[in-house]
file start.cif (mmCIF, C-alpha atoms)
data_my_file
loop_
_atom_site.label_atom_id
_atom_site.label_comp_id
_atom_site.auth_asym_id
_atom_site.auth_seq_id
_atom_site.Cartn_x
_atom_site.Cartn_y
_atom_site.Cartn_z
CA MET A 317 45.35 36.31 37.29
CA TYR A 318 45.16 32.70 38.41
CA PHE A 319 42.27 30.26 38.22
CA LYS A 320 41.87 30.42 41.99
CA ASP A 321 41.22 34.16 41.80
CA TYR A 322 38.26 33.51 39.51
CA PHE A 323 36.85 30.40 41.15
CA SER A 324 35.00 31.84 44.11
CA ILE A 325 34.87 28.68 46.23
CA TRP A 326 38.57 27.83 45.90
CA ASP A 327 39.14 28.31 49.64
CA LYS A 328 36.41 25.81 50.45
CA LEU A 329 38.26 23.01 48.69
CA THR A 330 40.74 20.69 50.38
CA PRO A 331 44.40 21.05 49.32
CA ALA A 332 44.09 17.71 47.51
CA GLN A 333 41.04 18.95 45.57
CA GLN A 334 42.85 22.18 44.74
CA ASP A 335 45.77 20.18 43.37
CA ARG A 336 43.49 18.02 41.25
CA ILE A 337 41.90 21.10 39.73
CA SER A 338 45.25 22.77 39.11
CA ASP A 339 46.46 19.63 37.35
CA HIS A 340 43.48 19.39 35.03
CA VAL A 341 42.21 22.87 34.31
CA SER A 342 43.41 24.24 31.00
CA SER A 343 43.40 27.74 29.60
CA ARG A 344 41.92 28.24 26.15
CA SER A 345 41.28 31.04 23.78
CA ILE A 346 38.82 31.10 20.91
CA LYS A 347 38.03 33.56 18.15
CA LYS A 348 34.81 35.47 17.77
CA GLY A 349 32.28 33.31 15.95
CA THR A 350 33.56 29.96 17.25
CA ILE A 351 30.87 27.49 18.28
CA ILE A 352 32.30 25.99 21.44
CA HIS A 353 29.44 23.72 22.40
CA ASN A 354 26.69 22.28 20.26
CA GLY A 355 23.73 20.46 21.77
CA SER A 356 23.43 17.86 24.48
CA LEU A 357 25.62 15.25 22.80
CA ASP A 358 28.62 17.45 23.43
CA CYS A 359 30.05 17.52 26.92
CA THR A 360 32.76 20.11 26.60
CA GLY A 361 33.24 20.89 30.28
CA LEU A 362 32.67 23.92 32.47
CA LEU A 363 33.88 27.21 31.07
CA LEU A 364 35.05 29.93 33.43
CA LEU A 365 35.47 33.18 31.49
CA LYS A 366 38.59 35.32 31.83
CA SER A 367 37.61 37.77 29.12
CA GLY A 368 35.33 37.99 26.11
CA GLN A 369 31.68 37.16 25.67
CA LEU A 370 29.66 34.01 25.01
CA ARG A 371 26.09 33.58 23.86
CA ALA A 372 23.93 30.56 24.71
CA TYR A 373 21.03 29.96 22.37
CA ILE A 374 18.55 27.36 21.20
CA LEU A 375 17.81 26.45 17.61
CA SER A 376 14.58 25.37 15.96
CA ASP A 377 14.41 22.61 13.36
CA GLU A 378 14.09 25.35 10.76
CA GLY A 379 17.25 27.06 11.96
CA ARG A 380 15.61 29.88 13.91
CA GLU A 381 17.49 31.00 17.03
CA ILE A 382 16.80 32.70 20.33
CA THR A 383 19.42 33.86 22.81
CA ILE A 384 18.86 32.31 26.23
CA TYR A 385 21.61 34.09 28.13
CA ARG A 386 25.04 35.61 27.72
CA LEU A 387 28.22 35.15 29.69
CA PHE A 388 30.85 37.74 30.54
CA ASP A 389 34.07 37.94 32.60
CA ARG A 390 34.03 35.66 35.63
CA ASP A 391 30.79 33.95 34.59
CA ILE A 392 30.72 30.20 34.53
CA CYS A 393 29.06 28.13 31.86
CA LEU A 394 27.45 25.01 33.29
CA PHE A 395 25.36 23.69 30.43
CA SER A 396 28.42 23.10 28.29
CA ALA A 397 28.97 20.27 30.79
CA SER A 398 25.47 18.83 30.59
CA CYS A 399 26.74 15.29 31.19
CA ILE A 400 27.49 16.16 34.84
CA MET A 401 23.74 15.90 35.54
CA ARG A 402 21.32 13.29 34.30
CA SER A 403 18.37 15.70 34.40
CA ILE A 404 19.80 18.26 32.00
CA GLN A 405 17.70 17.30 28.99
CA PHE A 406 17.90 20.10 26.49
CA ASP A 407 20.14 21.23 23.69
CA ILE A 408 21.95 24.50 23.91
CA THR A 409 24.52 25.99 21.55
CA ILE A 410 27.30 28.24 22.81
CA GLU A 411 29.10 30.66 20.56
CA ALA A 412 31.81 33.26 21.16
CA GLU A 413 30.44 36.74 20.44
CA LYS A 414 33.91 38.20 20.94
CA ASP A 415 37.40 36.73 21.11
CA THR A 416 37.20 34.86 24.40
CA GLU A 417 39.64 33.44 26.93
CA PHE A 418 38.49 30.91 29.47
CA TRP A 419 39.48 28.07 31.72
CA LEU A 420 38.10 24.69 30.85
CA ILE A 421 37.25 22.37 33.74
CA PRO A 422 36.88 18.76 32.57
CA PRO A 423 33.33 17.45 33.23
CA ASP A 424 34.44 14.20 34.94
CA LEU A 425 36.61 16.06 37.40
CA TYR A 426 33.85 18.54 38.19
CA LYS A 427 31.34 15.75 38.67
CA GLU A 428 33.68 14.02 41.13
CA LEU A 429 34.14 17.27 43.05
CA MET A 430 30.38 17.81 43.23
CA GLU A 431 29.95 14.35 44.67
CA GLU A 432 32.65 14.91 47.30
CA SER A 433 32.04 18.48 48.25
CA ALA A 434 28.80 20.12 49.35
CA ALA A 435 30.49 23.49 48.67
CA VAL A 436 31.03 22.65 44.99
CA SER A 437 27.56 21.22 44.68
CA ASN A 438 25.92 24.27 46.28
CA TYR A 439 28.00 26.55 44.07
CA THR A 440 26.58 24.62 41.10
CA ASN A 441 23.07 25.05 42.48
CA GLU A 442 23.55 28.81 42.65
CA ILE A 443 24.85 28.98 39.07
CA MET A 444 21.92 26.95 37.81
CA ALA A 445 19.43 29.03 39.81
CA ALA A 446 20.94 32.20 38.28
CA ARG A 447 20.51 30.82 34.76
CA PHE A 448 17.03 29.61 35.64
CA SER A 449 16.15 33.13 36.76
CA GLU A 450 17.43 34.51 33.45
CA VAL A 451 15.34 32.04 31.50
CA MET A 452 12.25 32.88 33.56
CA TRP A 453 12.88 36.58 32.91
CA LEU A 454 13.12 35.79 29.20
CA MET A 455 9.91 33.75 29.36
CA GLU A 456 8.12 36.76 30.87
CA GLN A 457 9.51 39.01 28.14
CA ILE A 458 8.34 36.65 25.41
CA MET A 459 4.93 36.07 26.93
CA TRP A 460 3.93 39.51 28.09
CA LYS A 461 6.03 42.03 26.16
CA SER A 462 5.39 43.22 22.64
CA MET A 463 8.20 43.08 20.08
CA ASP A 464 8.70 46.89 19.98
CA LYS A 465 9.50 46.87 23.72
CA ARG A 466 11.80 43.84 23.36
CA ILE A 467 13.74 45.40 20.47
CA ALA A 468 14.06 48.71 22.35
CA SER A 469 15.31 46.82 25.40
CA PHE A 470 17.75 44.76 23.31
CA LEU A 471 19.27 47.85 21.67
CA LEU A 472 19.76 49.55 25.05
CA THR A 473 21.37 46.42 26.51
CA GLU A 474 23.70 46.10 23.52
CA ALA A 475 24.72 49.75 23.82
CA SER A 476 25.49 49.18 27.49
CA ILE A 477 27.54 46.02 26.79
CA GLU A 478 29.46 47.61 23.92
CA GLY A 479 29.86 51.01 25.56
CA THR A 480 28.72 52.80 22.39
CA ASN A 481 25.48 53.98 20.79
CA THR A 482 26.63 52.88 17.34
CA LEU A 483 25.95 49.17 17.19
CA LYS A 484 27.51 47.01 14.51
CA ILE A 485 24.68 44.55 14.16
CA THR A 486 22.48 43.30 11.35
CA HIS A 487 18.69 42.94 11.48
CA GLU A 488 19.21 39.18 11.10
CA MET A 489 21.40 39.09 14.21
CA ILE A 490 18.80 40.99 16.24
CA ALA A 491 16.12 38.57 15.00
CA ASN A 492 18.29 35.61 16.09
CA HIS A 493 18.75 37.05 19.55
CA LEU A 494 15.04 37.64 20.04
CA GLY A 495 13.72 34.54 18.31
CA THR A 496 11.77 36.37 15.63
CA HIS A 497 11.96 36.89 11.87
CA ARG A 498 14.26 39.39 10.20
CA GLU A 499 11.31 41.09 8.51
CA VAL A 500 9.71 41.84 11.89
CA VAL A 501 12.92 43.45 13.11
CA THR A 502 13.37 45.48 9.92
CA ARG A 503 9.82 46.80 10.08
CA MET A 504 10.22 47.81 13.71
CA LEU A 505 13.64 49.44 13.22
CA ARG A 506 12.25 51.47 10.32
CA TYR A 507 9.44 52.60 12.56
CA PHE A 508 11.97 53.56 15.27
CA GLN A 509 13.90 55.50 12.63
CA SER A 510 10.79 57.36 11.49
CA GLU A 511 10.24 58.33 15.15
CA GLU A 512 13.87 59.54 15.30
CA LEU A 513 14.87 57.10 18.02
CA ILE A 514 17.58 55.49 15.92
CA LYS A 515 19.44 55.96 12.66
CA LEU A 516 20.02 53.02 10.31
CA THR A 517 22.94 52.55 7.95
CA ARG A 518 24.19 49.35 6.34
CA GLY A 519 25.26 47.01 9.14
CA THR A 520 24.78 49.53 11.95
CA VAL A 521 22.04 50.77 14.22
CA GLU A 522 22.79 54.08 15.89
CA ILE A 523 20.81 55.03 18.97
CA ILE A 524 19.87 58.71 18.77
CA ASP A 525 17.29 59.04 21.52
CA ALA A 526 18.13 56.57 24.30
CA LYS A 527 15.76 58.30 26.71
CA GLN A 528 12.77 57.77 24.44
CA LEU A 529 13.81 54.15 23.85
CA GLN A 530 13.83 53.66 27.63
CA VAL A 531 10.31 55.09 27.86
CA LEU A 532 9.23 52.68 25.14
CA GLU A 533 10.94 49.73 26.82
CA ASN A 534 8.82 50.05 29.99
CA MET B 1375 3.88 5.09 53.31
CA TYR B 1376 6.51 6.96 55.23
CA PHE B 1377 8.47 10.07 54.26
CA LYS B 1378 11.63 8.00 53.87
CA ASP B 1379 9.95 5.88 51.19
CA TYR B 1380 9.33 9.02 49.13
CA PHE B 1381 12.60 10.84 49.77
CA SER B 1382 14.98 9.02 47.44
CA ILE B 1383 18.24 10.02 49.16
CA TRP B 1384 17.14 9.05 52.68
CA ASP B 1385 19.78 6.33 52.90
CA LYS B 1386 22.52 8.81 52.10
CA LEU B 1387 21.77 10.85 55.21
CA THR B 1388 23.42 10.30 58.58
CA PRO B 1389 21.17 8.96 61.36
CA ALA B 1390 21.35 12.41 63.00
CA GLN B 1391 20.18 14.08 59.80
CA GLN B 1392 17.40 11.53 59.41
CA ASP B 1393 16.23 12.31 62.95
CA ARG B 1394 16.25 16.06 62.30
CA ILE B 1395 14.09 15.58 59.22
CA SER B 1396 11.71 13.24 61.01
CA ASP B 1397 11.32 15.80 63.78
CA HIS B 1398 10.52 18.69 61.46
CA VAL B 1399 8.74 17.33 58.42
CA SER B 1400 4.99 17.74 58.60
CA SER B 1401 2.21 16.18 56.60
CA ARG B 1402 -0.36 18.51 55.07
CA SER B 1403 -3.40 18.27 52.92
CA ILE B 1404 -4.97 21.01 50.86
CA LYS B 1405 -8.12 21.28 48.79
CA LYS B 1406 -8.24 21.71 45.04
CA GLY B 1407 -7.91 25.38 44.17
CA THR B 1408 -5.70 26.31 47.16
CA ILE B 1409 -2.80 28.63 46.36
CA ILE B 1410 0.00 27.18 48.43
CA HIS B 1411 2.79 29.50 47.37
CA ASN B 1412 2.63 32.97 45.93
CA GLY B 1413 5.69 34.72 44.57
CA SER B 1414 9.23 35.07 45.81
CA LEU B 1415 8.36 36.77 49.09
CA ASP B 1416 6.84 33.52 50.31
CA CYS B 1417 9.20 30.82 51.47
CA THR B 1418 6.83 28.00 52.21
CA GLY B 1419 9.33 25.15 52.16
CA LEU B 1420 9.89 22.11 49.98
CA LEU B 1421 6.81 20.12 49.09
CA LEU B 1422 7.09 16.39 48.52
CA LEU B 1423 3.85 15.11 46.99
CA LYS B 1424 2.09 12.04 48.32
CA SER B 1425 -0.95 12.38 46.10
CA GLY B 1426 -2.77 15.01 44.10
CA GLN B 1427 -1.53 17.51 41.57
CA LEU B 1428 0.06 20.96 41.71
CA ARG B 1429 0.50 23.56 39.02
CA ALA B 1430 3.33 26.12 38.97
CA TYR B 1431 2.64 29.21 36.90
CA ILE B 1432 3.72 32.78 36.35
CA LEU B 1433 1.44 35.79 36.23
CA SER B 1434 1.66 38.97 34.19
CA ASP B 1435 0.87 42.40 35.62
CA GLU B 1436 -2.45 42.19 33.78
CA GLY B 1437 -3.30 38.86 35.39
CA ARG B 1438 -2.46 36.61 32.45
CA GLU B 1439 -1.05 33.21 33.37
CA ILE B 1440 1.10 30.49 31.86
CA THR B 1441 1.72 27.07 33.37
CA ILE B 1442 5.45 26.42 33.81
CA TYR B 1443 5.26 22.86 35.07
CA ARG B 1444 3.08 20.48 37.02
CA LEU B 1445 3.85 18.18 39.91
CA PHE B 1446 2.47 14.72 40.58
CA ASP B 1447 3.01 11.91 43.13
CA ARG B 1448 6.57 11.74 44.43
CA ASP B 1449 7.58 14.99 42.74
CA ILE B 1450 9.31 17.60 44.82
CA CYS B 1451 8.63 21.29 44.60
CA LEU B 1452 11.79 23.32 45.08
CA PHE B 1453 10.76 26.84 44.10
CA SER B 1454 8.25 27.03 46.94
CA ALA B 1455 11.44 27.26 49.04
CA SER B 1456 13.11 29.96 46.98
CA CYS B 1457 14.83 31.43 50.05
CA ILE B 1458 17.17 28.42 50.18
CA MET B 1459 19.11 29.92 47.26
CA ARG B 1460 20.12 33.52 46.76
CA SER B 1461 20.05 33.22 42.99
CA ILE B 1462 16.41 32.19 42.66
CA GLN B 1463 15.09 35.52 41.47
CA PHE B 1464 11.67 34.97 40.02
CA ASP B 1465 8.09 34.77 41.19
CA ILE B 1466 6.15 31.60 40.80
CA THR B 1467 2.67 30.75 42.04
CA ILE B 1468 1.74 27.21 43.05
CA GLU B 1469 -1.83 26.02 43.12
CA ALA B 1470 -3.46 22.68 43.87
CA GLU B 1471 -5.22 21.37 40.75
CA LYS B 1472 -6.62 18.46 42.77
CA ASP B 1473 -6.96 17.74 46.47
CA THR B 1474 -3.33 17.22 47.39
CA GLU B 1475 -1.40 15.61 50.23
CA PHE B 1476 2.24 16.40 50.73
CA TRP B 1477 5.08 16.56 53.20
CA LEU B 1478 6.40 19.99 54.00
CA ILE B 1479 10.15 20.29 54.64
CA PRO B 1480 10.99 23.58 56.38
CA PRO B 1481 13.32 25.74 54.23
CA ASP B 1482 15.86 26.46 57.02
CA LEU B 1483 16.29 22.78 57.75
CA TYR B 1484 16.70 21.93 54.08
CA LYS B 1485 19.23 24.71 53.61
CA GLU B 1486 21.27 23.37 56.53
CA LEU B 1487 21.19 19.87 55.06
CA MET B 1488 22.32 21.16 51.67
CA GLU B 1489 25.27 22.87 53.31
CA GLU B 1490 26.26 19.75 55.22
CA SER B 1491 25.57 17.07 52.69
CA ALA B 1492 26.79 16.84 49.09
CA ALA B 1493 24.12 14.16 48.56
CA VAL B 1494 21.30 16.57 49.46
CA SER B 1495 22.86 19.35 47.42
CA ASN B 1496 23.30 17.12 44.35
CA TYR B 1497 19.73 15.87 44.74
CA THR B 1498 18.66 19.54 44.65
CA ASN B 1499 20.77 20.09 41.54
CA GLU B 1500 19.00 17.23 39.79
CA ILE B 1501 15.55 18.56 40.73
CA MET B 1502 16.45 22.01 39.48
CA ALA B 1503 17.93 20.62 36.25
CA ALA B 1504 14.71 18.66 35.67
CA ARG B 1505 12.59 21.80 36.09
CA PHE B 1506 15.03 23.73 33.92
CA SER B 1507 14.60 21.12 31.20
CA GLU B 1508 10.81 21.47 31.45
CA VAL B 1509 11.05 25.24 31.12
CA MET B 1510 13.37 24.92 28.12
CA TRP B 1511 10.91 22.50 26.54
CA LEU B 1512 8.15 25.04 27.15
CA MET B 1513 10.29 27.80 25.68
CA GLU B 1514 10.72 25.76 22.51
CA GLN B 1515 6.97 25.15 22.33
CA ILE B 1516 6.22 28.84 22.72
CA MET B 1517 8.86 29.95 20.26
CA TRP B 1518 8.54 27.43 17.47
CA LYS B 1519 5.09 25.84 17.74
CA SER B 1520 1.85 27.36 16.53
CA MET B 1521 -1.12 27.60 18.89
CA ASP B 1522 -3.13 24.85 17.14
CA LYS B 1523 -0.33 22.37 17.84
CA ARG B 1524 0.02 23.55 21.43
CA ILE B 1525 -3.72 23.23 22.11
CA ALA B 1526 -3.83 19.78 20.51
CA SER B 1527 -0.86 18.73 22.64
CA PHE B 1528 -2.42 20.19 25.79
CA LEU B 1529 -5.71 18.32 25.27
CA LEU B 1530 -3.90 15.01 24.73
CA THR B 1531 -1.77 15.56 27.86
CA GLU B 1532 -4.85 16.39 29.93
CA ALA B 1533 -6.64 13.28 28.68
CA SER B 1534 -3.64 11.22 29.67
CA ILE B 1535 -3.39 12.80 33.15
CA GLU B 1536 -7.12 12.47 33.80
CA GLY B 1537 -7.50 9.06 32.20
CA THR B 1538 -10.55 10.18 30.22
CA ASN B 1539 -11.36 11.80 26.88
CA THR B 1540 -14.05 13.99 28.41
CA LEU B 1541 -12.21 16.90 29.98
CA LYS B 1542 -13.93 19.17 32.47
CA ILE B 1543 -12.14 22.34 31.54
CA THR B 1544 -13.11 25.83 30.42
CA HIS B 1545 -11.59 27.75 27.53
CA GLU B 1546 -10.32 30.26 30.09
CA MET B 1547 -8.46 27.52 31.96
CA ILE B 1548 -6.81 26.29 28.75
CA ALA B 1549 -5.81 29.87 27.94
CA ASN B 1550 -4.26 30.25 31.41
CA HIS B 1551 -2.24 27.08 30.99
CA LEU B 1552 -0.90 28.12 27.61
CA GLY B 1553 -0.42 31.82 28.28
CA THR B 1554 -2.83 33.02 25.63
CA HIS B 1555 -6.22 34.73 25.43
CA ARG B 1556 -9.52 32.92 25.90
CA GLU B 1557 -10.73 34.12 22.48
CA VAL B 1558 -7.77 32.42 20.78
CA VAL B 1559 -8.58 29.13 22.51
CA THR B 1560 -12.30 29.39 21.70
CA ARG B 1561 -11.59 30.06 18.03
CA MET B 1562 -9.22 27.10 17.80
CA LEU B 1563 -11.52 24.70 19.68
CA ARG B 1564 -14.39 25.63 17.35
CA TYR B 1565 -12.14 24.90 14.42
CA PHE B 1566 -11.21 21.52 15.97
CA GLN B 1567 -14.92 20.83 16.43
CA SER B 1568 -15.68 21.67 12.80
CA GLU B 1569 -12.96 19.18 11.83
CA GLU B 1570 -14.62 16.59 14.11
CA LEU B 1571 -11.56 16.22 16.35
CA ILE B 1572 -13.43 17.25 19.50
CA LYS B 1573 -16.95 17.94 20.74
CA LEU B 1574 -17.71 20.98 22.85
CA THR B 1575 -20.38 21.29 25.50
CA ARG B 1576 -20.63 23.79 28.35
CA GLY B 1577 -17.60 23.28 30.58
CA THR B 1578 -16.31 20.19 28.77
CA VAL B 1579 -14.11 19.33 25.82
CA GLU B 1580 -14.53 15.79 24.56
CA ILE B 1581 -11.79 14.30 22.41
CA ILE B 1582 -13.37 12.37 19.54
CA ASP B 1583 -10.41 11.78 17.26
CA ALA B 1584 -7.27 11.47 19.38
CA LYS B 1585 -5.31 10.01 16.47
CA GLN B 1586 -5.93 13.06 14.30
CA LEU B 1587 -5.05 15.36 17.22
CA GLN B 1588 -1.74 13.52 17.53
CA VAL B 1589 -1.05 14.05 13.83
CA LEU B 1590 -1.82 17.74 14.29
CA GLU B 1591 0.39 17.97 17.38
CA ASN B 1592 3.52 16.92 15.50
#
call {"tool": "encode", "arguments": {"input": "start.cif", "output": "structure tokens"}}
result
Amino acid sequence: MYFKDYFSIWDKLTPAQQDRISDHVSSRSIKKGTIIHNGSLDCTGLLLLKSGQLRAYILSDEGREITIYRLFDRDICLFSASCIMRSIQFDITIEAEKDTEFWLIPPDLYKELMEESAAVSNYTNEIMAARFSEVMWLMEQIMWKSMDKRIASFLLTEASIEGTNTLKITHEMIANHLGTHREVVTRMLRYFQSEELIKLTRGTVEIIDAKQLQVLEN
Amino acid sequence: MYFKDYFSIWDKLTPAQQDRISDHVSSRSIKKGTIIHNGSLDCTGLLLLKSGQLRAYILSDEGREITIYRLFDRDICLFSASCIMRSIQFDITIEAEKDTEFWLIPPDLYKELMEESAAVSNYTNEIMAARFSEVMWLMEQIMWKSMDKRIASFLLTEASIEGTNTLKITHEMIANHLGTHREVVTRMLRYFQSEELIKLTRGTVEIIDAKQLQVLEN
């Protein structure tokens, strides 16, 4: 597959703009666990995912984490190019959750294209609005949902992403996704186990009763 | 003052575009307490504030609230025109906190301008990025800051907005700004009073020791 097959507004660019992109876009691959972008001082560029999975999260001064959103095939990562917009004033860290292949669009080039082309700029607006909607959804979860519901929901989402009910994940990792403490997660998972919703072994959480977890989630 | 003096990219529009805006923008004034936009089904239009103060908040199913951001003179409210972008998928309510005067830009017109003009579209990107940054700031507050710090910070911000240390505000209103329960606010304010940081009377909170509140906030 070519870049143009992934970049949905390719046909709205002029031939000259298409050439400039083709000349400057590069294909990269990174290993699971790589931190590809770290805070607002970095301006890595836009990432357009071919395959793999990225996680965007924020960090507290004490090293606590919460996952803000995740990116999959064909998703585009805008905030790894925070220097393209003056008003992006927050620090985000982006990490590969799986081995990941992506195209890297240099930030200067993208900024130029946004200034020239309403199509590129509106595309950017839609990406940002989509991320904004995810963050607002997360805000609602944090504000109005109790931790048992959030953990149930997280386990079901993970199972759906991974295509298996046996999740290789530690309590610490779950805590880092949800922005809570490991102890809180451990207590809740043990409660889920006592209710026969899940089965815990070292380094795995196995979903036994997905239906009941769904009931709990809502 | 004219619309063009408030709309910072006026000079980047063509004369024809300027005329279209002039023909369709209308000036409105609303009283304190008016709900001007309510959820994603509404598509009121863009609001450009001349004077006054608006509050954007989200609501839980149980009627709990949390303030997402506030708008002052010259600010522009984008999410009251959520129909201009497909990817805006969340419900926000916008209420006048003071008597407010604003210009209303019809959503269809603005959408057309965004499609024609990279300048308008990039302006929109910057507005959205600014709101995004505010929401990320709020997320950090909620996740990593304890309620005593958040209440201290809220009182100092209010005093700065209102230009007075005697705030006409109920415990319920503070709770609705911060997304917590009234009882939590009351307990904390009584603690602040016992520490001689504030003085409580019916319907007012008076800041006595702003310096100490600032220490607490950080």
call {"tool": "residues_around", "arguments": {"input": "start.cif", "residues": "segment 1490-1499 of chain B", "least_positions_apart": "3", "cutoff": "9 Å", "atoms": "all atoms listed in the file", "output": "PyMOL selection string"}}
result
(chain A and resi 401+403+430-438+440-441+444) or (chain B and resi 1382-1383+1386-1387+1452+1484-1487+1502-1504)
call {"tool": "write_last_selection", "arguments": {"input": "start.cif", "atoms": "C-alpha atoms", "output": "PDB file, in the coordinates of the input"}}
result
ATOM      1  CA  MET A 401      23.740  15.900  35.540  1.00  0.00           C
ATOM      2  CA  SER A 403      18.370  15.700  34.400  1.00  0.00           C
ATOM      3  CA  MET A 430      30.380  17.810  43.230  1.00  0.00           C
ATOM      4  CA  GLU A 431      29.950  14.350  44.670  1.00  0.00           C
ATOM      5  CA  GLU A 432      32.650  14.910  47.300  1.00  0.00           C
ATOM      6  CA  SER A 433      32.040  18.480  48.250  1.00  0.00           C
ATOM      7  CA  ALA A 434      28.800  20.120  49.350  1.00  0.00           C
ATOM      8  CA  ALA A 435      30.490  23.490  48.670  1.00  0.00           C
ATOM      9  CA  VAL A 436      31.030  22.650  44.990  1.00  0.00           C
ATOM     10  CA  SER A 437      27.560  21.220  44.680  1.00  0.00           C
ATOM     11  CA  ASN A 438      25.920  24.270  46.280  1.00  0.00           C
ATOM     12  CA  THR A 440      26.580  24.620  41.100  1.00  0.00           C
ATOM     13  CA  ASN A 441      23.070  25.050  42.480  1.00  0.00           C
ATOM     14  CA  MET A 444      21.920  26.950  37.810  1.00  0.00           C
TER      15      MET A 444
ATOM     16  CA  SER B1382      14.980   9.020  47.440  1.00  0.00           C
ATOM     17  CA  ILE B1383      18.240  10.020  49.160  1.00  0.00           C
ATOM     18  CA  LYS B1386      22.520   8.810  52.100  1.00  0.00           C
ATOM     19  CA  LEU B1387      21.770  10.850  55.210  1.00  0.00           C
ATOM     20  CA  LEU B1452      11.790  23.320  45.080  1.00  0.00           C
ATOM     21  CA  TYR B1484      16.700  21.930  54.080  1.00  0.00           C
ATOM     22  CA  LYS B1485      19.230  24.710  53.610  1.00  0.00           C
ATOM     23  CA  GLU B1486      21.270  23.370  56.530  1.00  0.00           C
ATOM     24  CA  LEU B1487      21.190  19.870  55.060  1.00  0.00           C
ATOM     25  CA  MET B1502      16.450  22.010  39.480  1.00  0.00           C
ATOM     26  CA  ALA B1503      17.930  20.620  36.250  1.00  0.00           C
ATOM     27  CA  ALA B1504      14.710  18.660  35.670  1.00  0.00           C
TER      28      ALA B1504
END
call {"tool": "closest_residue", "arguments": {"input": "start.cif", "among": "A:Asp335, A:Glu450, A:Glu417, A:Asp358", "to": "chain B", "atoms": "all atoms listed in the file"}}
result
A:Glu450
call {"tool": "resolve_selection", "arguments": {"input": "start.cif", "expression": "the PyMOL selection byres ((chain B and resi 1464) around 6)", "output": "list in words"}}
result
Ser449 of chain A; Gln1463 and Asp1465 of chain B
call {"tool": "resolve_selection", "arguments": {"input": "start.cif", "expression": "the PyMOL selection byres ((chain B and resi 1541) around 7)", "output": "list of chain:residue names"}}
result
B:Ala1533, B:Thr1538, B:Asn1539, B:Thr1540, B:Lys1542, B:Ile1543, B:Thr1578, B:Val1579, B:Glu1580
call {"tool": "residues_around", "arguments": {"input": "start.cif", "residues": "Leu494 of chain A", "least_positions_apart": "4", "cutoff": "12 Å", "atoms": "all atoms listed in the file", "output": "PyMOL selection string"}}
result
(chain A and resi 373-375+380-385+454-455+457-458+461-471+487-490+498+500-501) or (chain B and resi 1517)
call {"tool": "write_last_selection", "arguments": {"input": "start.cif", "atoms": "C-alpha atoms", "output": "tab-separated table (two decimals), keeping the file's coordinate frame"}}
result
chain	number	residue	atom	x	y	z
A	373	TYR	CA	21.03	29.96	22.37
A	374	ILE	CA	18.55	27.36	21.20
A	375	LEU	CA	17.81	26.45	17.61
A	380	ARG	CA	15.61	29.88	13.91
A	381	GLU	CA	17.49	31.00	17.03
A	382	ILE	CA	16.80	32.70	20.33
A	383	THR	CA	19.42	33.86	22.81
A	384	ILE	CA	18.86	32.31	26.23
A	385	TYR	CA	21.61	34.09	28.13
A	454	LEU	CA	13.12	35.79	29.20
A	455	MET	CA	9.91	33.75	29.36
A	457	GLN	CA	9.51	39.01	28.14
A	458	ILE	CA	8.34	36.65	25.41
A	461	LYS	CA	6.03	42.03	26.16
A	462	SER	CA	5.39	43.22	22.64
A	463	MET	CA	8.20	43.08	20.08
A	464	ASP	CA	8.70	46.89	19.98
A	465	LYS	CA	9.50	46.87	23.72
A	466	ARG	CA	11.80	43.84	23.36
A	467	ILE	CA	13.74	45.40	20.47
A	468	ALA	CA	14.06	48.71	22.35
A	469	SER	CA	15.31	46.82	25.40
A	470	PHE	CA	17.75	44.76	23.31
A	471	LEU	CA	19.27	47.85	21.67
A	487	HIS	CA	18.69	42.94	11.48
A	488	GLU	CA	19.21	39.18	11.10
A	489	MET	CA	21.40	39.09	14.21
A	490	ILE	CA	18.80	40.99	16.24
A	498	ARG	CA	14.26	39.39	10.20
A	500	VAL	CA	9.71	41.84	11.89
A	501	VAL	CA	12.92	43.45	13.11
B	1517	MET	CA	8.86	29.95	20.26
call {"tool": "atom_distance", "arguments": {"input": "start.cif", "atom1": "atom CA of Ile1535 of chain B", "atom2": "atom CA of His1555 of chain B"}}
result
23.4 Å
call {"tool": "closest_residue", "arguments": {"input": "start.cif", "among": "A:Leu529, A:Ile404, A:Ile352, A:Ile410", "to": "chain B", "atoms": "only C-alpha atoms"}}
result
A:Ile404
call {"tool": "closest_residue", "arguments": {"input": "start.cif", "among": "A:Asp424, A:Lys515, A:Arg503, A:Arg402", "to": "chain B", "atoms": "all atoms listed in the file"}}
result
A:Arg402
call {"tool": "decode", "arguments": {"input": "start.cif", "residues": "segment 1494-1508 of chain B", "atoms": "C-alpha atoms", "output": "PDB file, in the first residue's frame"}}
result
ATOM      1  CA  VAL B1494     -10.668  30.539   8.346  1.00  0.00           C
ATOM      2  CA  SER B1495      -9.985  26.837   8.720  1.00  0.00           C
ATOM      3  CA  ASN B1496      -6.621  27.422  10.427  1.00  0.00           C
ATOM      4  CA  TYR B1497      -8.216  30.011  12.704  1.00  0.00           C
ATOM      5  CA  THR B1498     -10.729  27.304  13.681  1.00  0.00           C
ATOM      6  CA  ASN B1499      -7.877  24.874  14.311  1.00  0.00           C
ATOM      7  CA  GLU B1500      -6.253  27.338  16.684  1.00  0.00           C
ATOM      8  CA  ILE B1501      -9.499  27.912  18.588  1.00  0.00           C
ATOM      9  CA  MET B1502     -10.055  24.185  18.937  1.00  0.00           C
ATOM     10  CA  ALA B1503      -6.451  23.597  20.020  1.00  0.00           C
ATOM     11  CA  ALA B1504      -6.856  26.302  22.681  1.00  0.00           C
ATOM     12  CA  ARG B1505      -9.999  24.636  24.055  1.00  0.00           C
ATOM     13  CA  PHE B1506      -8.289  21.256  23.845  1.00  0.00           C
ATOM     14  CA  SER B1507      -5.429  22.626  25.922  1.00  0.00           C
ATOM     15  CA  GLU B1508      -7.909  23.905  28.519  1.00  0.00           C
TER      16      GLU B1508
END
